[in-house]
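Have a look at the structure below before the remarks.
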Amino acid sequence: DWEAMTDIAKATRARLAEVVDPKPLLRLKETAKSPDGSVKRLWATKDDLLVESVLIPEKDHATLCLSSQAGCRLGCRFCATGALGFKRDLTRGEILSQALLAKGQEPFEAKPTNLVFMGMGEPLLNLGAVLGALEILTSPKHLAISGRRVSISTVGIPAAIQRLGQSPLNFGLTVSLGAPTNPLRDQLMPINREHPLEALKAALAAYPLRRGRRITVAYVLLKGVNDSQSEALALSRYLSGLKTKINLIPFNPWPGAPFERPGEEAIEKFRRTLAEKNHTVIVRWSKGLEVGAACGQLAGQKAKRRDPAETLATP
Ligand code: SF4
């Protein structure tokens, strides 16, 4: 309340009231905690858009997963956020607020040591704001998170991957593949029609990695869609020559989702095929299933989803 700051000249208070809104950029709408300790937060922007962040505690560190956009325009078919449609880019302040405002909330058990941009939105389509927020989050005066503990997740936009690679902070890169061949990826991830796998591979090969680091490849496993032996072999061929580690993510169903999670046997067979081809591969079970760990799930419960048929339309 500027008017209560009586040690500031009246004219200055009036001017401040005009140009600075002191209210936080985000309001906390809901906190959901799952038994594994993950804390998912649903925030509302000043224009009442919903965004999510998740704090995921691990044994010796905690990872904070941030959103970069309210909704997403890319419409990956397996993604709960994609089914919400796109509202707008988040500002640098709104991205930052997900981390800084959480510090004042209970339960906030652990100071995050790692940051990932795997929440709502495609961070490389809002790269200016993401890098602006990271400039502060990595600053020793604020959360002081090391650039090597930051990973940015993308579906693969070659020019933006190149731009990200120019950052002196040399962030980690995660790429969501979803499919190892263009025809299947075109269907599952419409961005592939614009930037097919060959262009993506060239951008990944050129990404400057720190010594000993690799690009993380996230591959969501969808029952009967991309989980066969031939897809595992095609994935292995696609990744040959790249320094990668593969995270297999069994699909985490959300209401209205058109896919199912494969059975454990199929998941293990897929993993083993890749391991036998000398890939580093792990199965990452989504943490916080009870609170809807897939990005966009909590927001989706509050907001009207787009008609799945509209989201899933393929040309
Ligand atoms: Fe958007 Fe990422 Fe979801 Fe694709 S996976 S729709 S890019 S938020």
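Each chain of the structure tokens is named A, B, ... in the order shown, its residues numbered from 1; ligands are numbered from 1 in display order.
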
Hey, what's within 12 Å of Ile136 of chain A if we count only C-alpha atoms and toss same-chain stuff fewer than 2 positions away? As JSON, numbers by chain, please?
-> {"A": [92, 93, 95, 96, 97, 99, 100, 129, 130, 131, 132, 133, 134, 138, 139, 140, 141, 142, 143, 144, 145, 146, 147]}

Generate a file of the selected residues that holds N, CA, C and O atoms, formatted as a PDB file, in the first residue's frame.
ATOM      1  N   ARG A  92       8.781 -13.116 -17.853  1.00  0.00           N
ATOM      2  CA  ARG A  92       9.947 -13.491 -17.054  1.00  0.00           C
ATOM      3  C   ARG A  92       9.594 -13.465 -15.562  1.00  0.00           C
ATOM      4  O   ARG A  92       9.957 -14.357 -14.808  1.00  0.00           O
ATOM      5  N   GLY A  93       8.834 -12.453 -15.157  1.00  0.00           N
ATOM      6  CA  GLY A  93       8.446 -12.334 -13.748  1.00  0.00           C
ATOM      7  C   GLY A  93       7.557 -13.486 -13.297  1.00  0.00           C
ATOM      8  O   GLY A  93       7.672 -13.971 -12.170  1.00  0.00           O
ATOM      9  N   ILE A  95       7.516 -16.518 -14.533  1.00  0.00           N
ATOM     10  CA  ILE A  95       8.330 -17.740 -14.444  1.00  0.00           C
ATOM     11  C   ILE A  95       9.114 -17.726 -13.133  1.00  0.00           C
ATOM     12  O   ILE A  95       9.114 -18.696 -12.364  1.00  0.00           O
ATOM     13  N   LEU A  96       9.724 -16.582 -12.891  1.00  0.00           N
ATOM     14  CA  LEU A  96      10.517 -16.406 -11.677  1.00  0.00           C
ATOM     15  C   LEU A  96       9.658 -16.583 -10.422  1.00  0.00           C
ATOM     16  O   LEU A  96      10.070 -17.191  -9.430  1.00  0.00           O
ATOM     17  N   SER A  97       8.449 -16.068 -10.485  1.00  0.00           N
ATOM     18  CA  SER A  97       7.570 -16.101  -9.305  1.00  0.00           C
ATOM     19  C   SER A  97       7.239 -17.533  -8.884  1.00  0.00           C
ATOM     20  O   SER A  97       7.035 -17.801  -7.699  1.00  0.00           O
ATOM     21  N   ALA A  99       9.142 -19.915  -8.678  1.00  0.00           N
ATOM     22  CA  ALA A  99      10.211 -20.370  -7.779  1.00  0.00           C
ATOM     23  C   ALA A  99      10.280 -19.513  -6.523  1.00  0.00           C
ATOM     24  O   ALA A  99      10.339 -20.040  -5.407  1.00  0.00           O
ATOM     25  N   LEU A 100      10.223 -18.199  -6.693  1.00  0.00           N
ATOM     26  CA  LEU A 100      10.452 -17.337  -5.530  1.00  0.00           C
ATOM     27  C   LEU A 100       9.265 -17.324  -4.561  1.00  0.00           C
ATOM     28  O   LEU A 100       9.438 -17.332  -3.352  1.00  0.00           O
ATOM     29  N   ALA A 129      12.054 -14.954 -22.222  1.00  0.00           N
ATOM     30  CA  ALA A 129      11.578 -14.880 -20.836  1.00  0.00           C
ATOM     31  C   ALA A 129      12.222 -15.966 -19.977  1.00  0.00           C
ATOM     32  O   ALA A 129      12.565 -15.751 -18.810  1.00  0.00           O
ATOM     33  N   VAL A 130      12.391 -17.154 -20.553  1.00  0.00           N
ATOM     34  CA  VAL A 130      13.010 -18.263 -19.802  1.00  0.00           C
ATOM     35  C   VAL A 130      14.452 -17.905 -19.432  1.00  0.00           C
ATOM     36  O   VAL A 130      14.869 -18.038 -18.277  1.00  0.00           O
ATOM     37  N   LEU A 131      15.202 -17.402 -20.412  1.00  0.00           N
ATOM     38  CA  LEU A 131      16.602 -17.047 -20.122  1.00  0.00           C
ATOM     39  C   LEU A 131      16.659 -15.872 -19.148  1.00  0.00           C
ATOM     40  O   LEU A 131      17.537 -15.807 -18.286  1.00  0.00           O
ATOM     41  N   GLY A 132      15.707 -14.948 -19.276  1.00  0.00           N
ATOM     42  CA  GLY A 132      15.661 -13.807 -18.347  1.00  0.00           C
ATOM     43  C   GLY A 132      15.424 -14.280 -16.918  1.00  0.00           C
ATOM     44  O   GLY A 132      16.070 -13.806 -15.970  1.00  0.00           O
ATOM     45  N   ALA A 133      14.507 -15.215 -16.741  1.00  0.00           N
ATOM     46  CA  ALA A 133      14.229 -15.738 -15.394  1.00  0.00           C
ATOM     47  C   ALA A 133      15.446 -16.511 -14.875  1.00  0.00           C
ATOM     48  O   ALA A 133      15.819 -16.395 -13.699  1.00  0.00           O
ATOM     49  N   LEU A 134      16.089 -17.267 -15.775  1.00  0.00           N
ATOM     50  CA  LEU A 134      17.241 -18.066 -15.341  1.00  0.00           C
ATOM     51  C   LEU A 134      18.421 -17.198 -14.930  1.00  0.00           C
ATOM     52  O   LEU A 134      19.199 -17.571 -14.054  1.00  0.00           O
ATOM     53  N   THR A 138      19.773 -18.251 -11.335  1.00  0.00           N
ATOM     54  CA  THR A 138      21.123 -18.803 -11.191  1.00  0.00           C
ATOM     55  C   THR A 138      22.057 -17.798 -10.499  1.00  0.00           C
ATOM     56  O   THR A 138      23.195 -18.131 -10.197  1.00  0.00           O
ATOM     57  N   SER A 139      21.549 -16.591 -10.243  1.00  0.00           N
ATOM     58  CA  SER A 139      22.408 -15.573  -9.634  1.00  0.00           C
ATOM     59  C   SER A 139      22.706 -15.926  -8.169  1.00  0.00           C
ATOM     60  O   SER A 139      21.819 -16.374  -7.432  1.00  0.00           O
ATOM     61  N   PRO A 140      23.929 -15.710  -7.733  1.00  0.00           N
ATOM     62  CA  PRO A 140      24.282 -16.008  -6.337  1.00  0.00           C
ATOM     63  C   PRO A 140      23.426 -15.229  -5.334  1.00  0.00           C
ATOM     64  O   PRO A 140      23.273 -15.639  -4.194  1.00  0.00           O
ATOM     65  N   LYS A 141      22.834 -14.124  -5.776  1.00  0.00           N
ATOM     66  CA  LYS A 141      22.006 -13.328  -4.853  1.00  0.00           C
ATOM     67  C   LYS A 141      20.618 -13.939  -4.658  1.00  0.00           C
ATOM     68  O   LYS A 141      19.865 -13.526  -3.806  1.00  0.00           O
ATOM     69  N   HIS A 142      20.247 -14.867  -5.495  1.00  0.00           N
ATOM     70  CA  HIS A 142      18.885 -15.416  -5.394  1.00  0.00           C
ATOM     71  C   HIS A 142      18.965 -16.918  -5.098  1.00  0.00           C
ATOM     72  O   HIS A 142      19.531 -17.295  -4.116  1.00  0.00           O
ATOM     73  N   LEU A 143      18.431 -17.762  -5.981  1.00  0.00           N
ATOM     74  CA  LEU A 143      18.474 -19.191  -5.642  1.00  0.00           C
ATOM     75  C   LEU A 143      19.860 -19.800  -5.876  1.00  0.00           C
ATOM     76  O   LEU A 143      20.144 -20.882  -5.387  1.00  0.00           O
ATOM     77  N   ALA A 144      20.699 -19.112  -6.597  1.00  0.00           N
ATOM     78  CA  ALA A 144      22.091 -19.533  -6.816  1.00  0.00           C
ATOM     79  C   ALA A 144      22.183 -20.965  -7.363  1.00  0.00           C
ATOM     80  O   ALA A 144      23.036 -21.737  -6.959  1.00  0.00           O
ATOM     81  N   ILE A 145      21.256 -21.299  -8.258  1.00  0.00           N
ATOM     82  CA  ILE A 145      21.297 -22.643  -8.841  1.00  0.00           C
ATOM     83  C   ILE A 145      22.320 -22.648  -9.982  1.00  0.00           C
ATOM     84  O   ILE A 145      22.288 -21.781 -10.848  1.00  0.00           O
ATOM     85  N   SER A 146      23.200 -23.608  -9.957  1.00  0.00           N
ATOM     86  CA  SER A 146      24.240 -23.664 -10.980  1.00  0.00           C
ATOM     87  C   SER A 146      23.628 -23.995 -12.345  1.00  0.00           C
ATOM     88  O   SER A 146      22.693 -24.804 -12.434  1.00  0.00           O
ATOM     89  N   GLY A 147      24.182 -23.369 -13.398  1.00  0.00           N
ATOM     90  CA  GLY A 147      23.681 -23.624 -14.758  1.00  0.00           C
ATOM     91  C   GLY A 147      23.710 -25.103 -15.099  1.00  0.00           C
ATOM     92  O   GLY A 147      22.887 -25.594 -15.849  1.00  0.00           O
TER      93      GLY A 147
END

Between chain A and ligand 1, at 6 Å or less, what are the per-residue closest atom pairs and their distances in Å? Count only C-alpha atoms and all ligand atoms, order by chain and rising residue number, and return it as JSON lines.
{"residue": "A:Cys72", "atom": "CA", "partner": "ligand 1", "partner_atom_place_in_ligand_line": "1 (Fe)", "distance": 4.5}
{"residue": "A:Leu74", "atom": "CA", "partner": "ligand 1", "partner_atom_place_in_ligand_line": "6 (S)", "distance": 4.8}
{"residue": "A:Gly75", "atom": "CA", "partner": "ligand 1", "partner_atom_place_in_ligand_line": "6 (S)", "distance": 4.2}
{"residue": "A:Cys76", "atom": "CA", "partner": "ligand 1", "partner_atom_place_in_ligand_line": "6 (S)", "distance": 4.1}
{"residue": "A:Cys79", "atom": "CA", "partner": "ligand 1", "partner_atom_place_in_ligand_line": "3 (Fe)", "distance": 4.5}
{"residue": "A:Thr81", "atom": "CA", "partner": "ligand 1", "partner_atom_place_in_ligand_line": "3 (Fe)", "distance": 5.0}
{"residue": "A:Gly82", "atom": "CA", "partner": "ligand 1", "partner_atom_place_in_ligand_line": "6 (S)", "distance": 3.6}
{"residue": "A:Met120", "atom": "CA", "partner": "ligand 1", "partner_atom_place_in_ligand_line": "8 (S)", "distance": 4.8}
{"residue": "A:Gly121", "atom": "CA", "partner": "ligand 1", "partner_atom_place_in_ligand_line": "8 (S)", "distance": 4.0}
{"residue": "A:Glu122", "atom": "CA", "partner": "ligand 1", "partner_atom_place_in_ligand_line": "7 (S)", "distance": 4.5}
{"residue": "A:Val155", "atom": "CA", "partner": "ligand 1", "partner_atom_place_in_ligand_line": "7 (S)", "distance": 5.6}

Do a neighbour search on segment 59-65 of chain A at 9 Å with only C-alpha atoms, toss out local chain neighbours closer than 5 positions, and write the hits as a PyMOL selection string.
-> chain A and resi 52-54+99+110-119

Long-range neighbours of segment 167-184 of chain A as a list in words, 7 Å cut-off, only C-alpha atoms, 2 positions minimum in chain =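 My reading of the contact set: Gly147, Arg148, Val150, Ser151, Ile152, Ser153, Thr154, Val155, Gly156, Leu164, Gly165, Asp186, Gln187, Leu188, Pro196, Leu197, Ile215, Thr216, Val217, Ala218, Tyr219, Val220, Asn226, Glu231, Ala234, Leu235 and Tyr238 of chain A.
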
Among segment 9-228 of chain A, which residues carry a DSSP assignment of strand (DSSP E), reported as a ChimeraX atom specification?
-> /A:26-33,39-45,50-57,62-65,69-71,86-89,114-117,150-154,172-176,215-221

Provide the atom CA of Asp48 of chain A to atom CA of Glu30 of chain A distance in Å, to one decimal place.
-> 13.5 Å

Which one is closest to Ala206 of chain A: A:Gln166, A:Ser67, A:Thr6, A:Thr91? Count only C-alpha atoms.
-> A:Gln166

Nearest to Ala257 of chain A by atom-to-atom distance, counting only C-alpha atoms, from A:Arg77, A:Lys29, A:Arg13, A:Arg210 |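 Of A:Arg77, A:Lys29, A:Arg13, A:Arg210, the one nearest Ala257 of chain A is A:Arg77, counting only C-alpha atoms.
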
For segment 17-21 of chain A, please output as a PyMOL selection string all residues within 9 Å (counting only C-alpha atoms; exclusion window: fewer than 6 positions along the same chain).
-> chain A and resi 1-3

Got time to write the residues from that selection, all heavy atoms, as an mmCIF file, in the first residue's frame?
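Dumped everything to part.cif:
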data_model
loop_
_atom_site.group_PDB
_atom_site.id
_atom_site.type_symbol
_atom_site.label_atom_id
_atom_site.label_comp_id
_atom_site.auth_asym_id
_atom_site.auth_seq_id
_atom_site.Cartn_x
_atom_site.Cartn_y
_atom_site.Cartn_z
ATOM 1 N N ASP A 1 0.854 -1.180 0.000
ATOM 2 C CA ASP A 1 0.000 0.000 0.000
ATOM 3 C C ASP A 1 0.895 1.237 0.000
ATOM 4 O O ASP A 1 1.463 1.607 1.032
ATOM 5 C CB ASP A 1 -0.907 -0.032 1.241
ATOM 6 C CG ASP A 1 -1.811 1.193 1.293
ATOM 7 O OD1 ASP A 1 -1.703 2.047 0.383
ATOM 8 O OD2 ASP A 1 -2.624 1.288 2.227
ATOM 9 N N TRP A 2 0.994 1.841 -1.161
ATOM 10 C CA TRP A 2 1.904 3.001 -1.267
ATOM 11 C C TRP A 2 1.495 4.110 -0.306
ATOM 12 O O TRP A 2 2.346 4.815 0.237
ATOM 13 C CB TRP A 2 1.913 3.535 -2.702
ATOM 14 C CG TRP A 2 2.429 2.543 -3.713
ATOM 15 C CD1 TRP A 2 1.736 1.982 -4.741
ATOM 16 C CD2 TRP A 2 3.745 1.993 -3.772
ATOM 17 N NE1 TRP A 2 2.530 1.103 -5.435
ATOM 18 C CE2 TRP A 2 3.781 1.095 -4.867
ATOM 19 C CE3 TRP A 2 4.906 2.159 -3.005
ATOM 20 C CZ2 TRP A 2 4.913 0.372 -5.224
ATOM 21 C CZ3 TRP A 2 6.038 1.437 -3.363
ATOM 22 C CH2 TRP A 2 6.043 0.559 -4.455
ATOM 23 N N GLU A 3 0.181 4.274 -0.087
ATOM 24 C CA GLU A 3 -0.284 5.391 0.755
ATOM 25 C C GLU A 3 0.204 5.259 2.194
ATOM 26 O O GLU A 3 0.333 6.226 2.923
ATOM 27 C CB GLU A 3 -1.820 5.481 0.712
ATOM 28 C CG GLU A 3 -2.352 6.206 -0.510
ATOM 29 C CD GLU A 3 -1.600 7.501 -0.803
ATOM 30 O OE1 GLU A 3 -1.541 8.364 0.096
ATOM 31 O OE2 GLU A 3 -1.030 7.656 -1.905
#

Sel. of alpha helix (DSSP H) residues, segment 4-219 of chain A, as a VMD selection string = chain A and resid 10 to 19 92 to 100 127 to 137 158 to 165 182 to 188 191 to 194 197 to 206

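Of the listed residues A:Asp7, A:Glu260, A:Glu268, A:Glu276, the one whose atoms come nearest to Phe78 of chain A is A:Glu260, with distances taken using only C-alpha atoms.
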
Hey, can you check how far atom CA of Ile246 of chain A sits from atom CA of Leu90 of chain A?
-> 29.0 Å

Proximity to Glu198 of chain A - best of A:Ile8, A:Leu239, A:Ile56, A:Ile161, only C-alpha atoms | A:Leu239
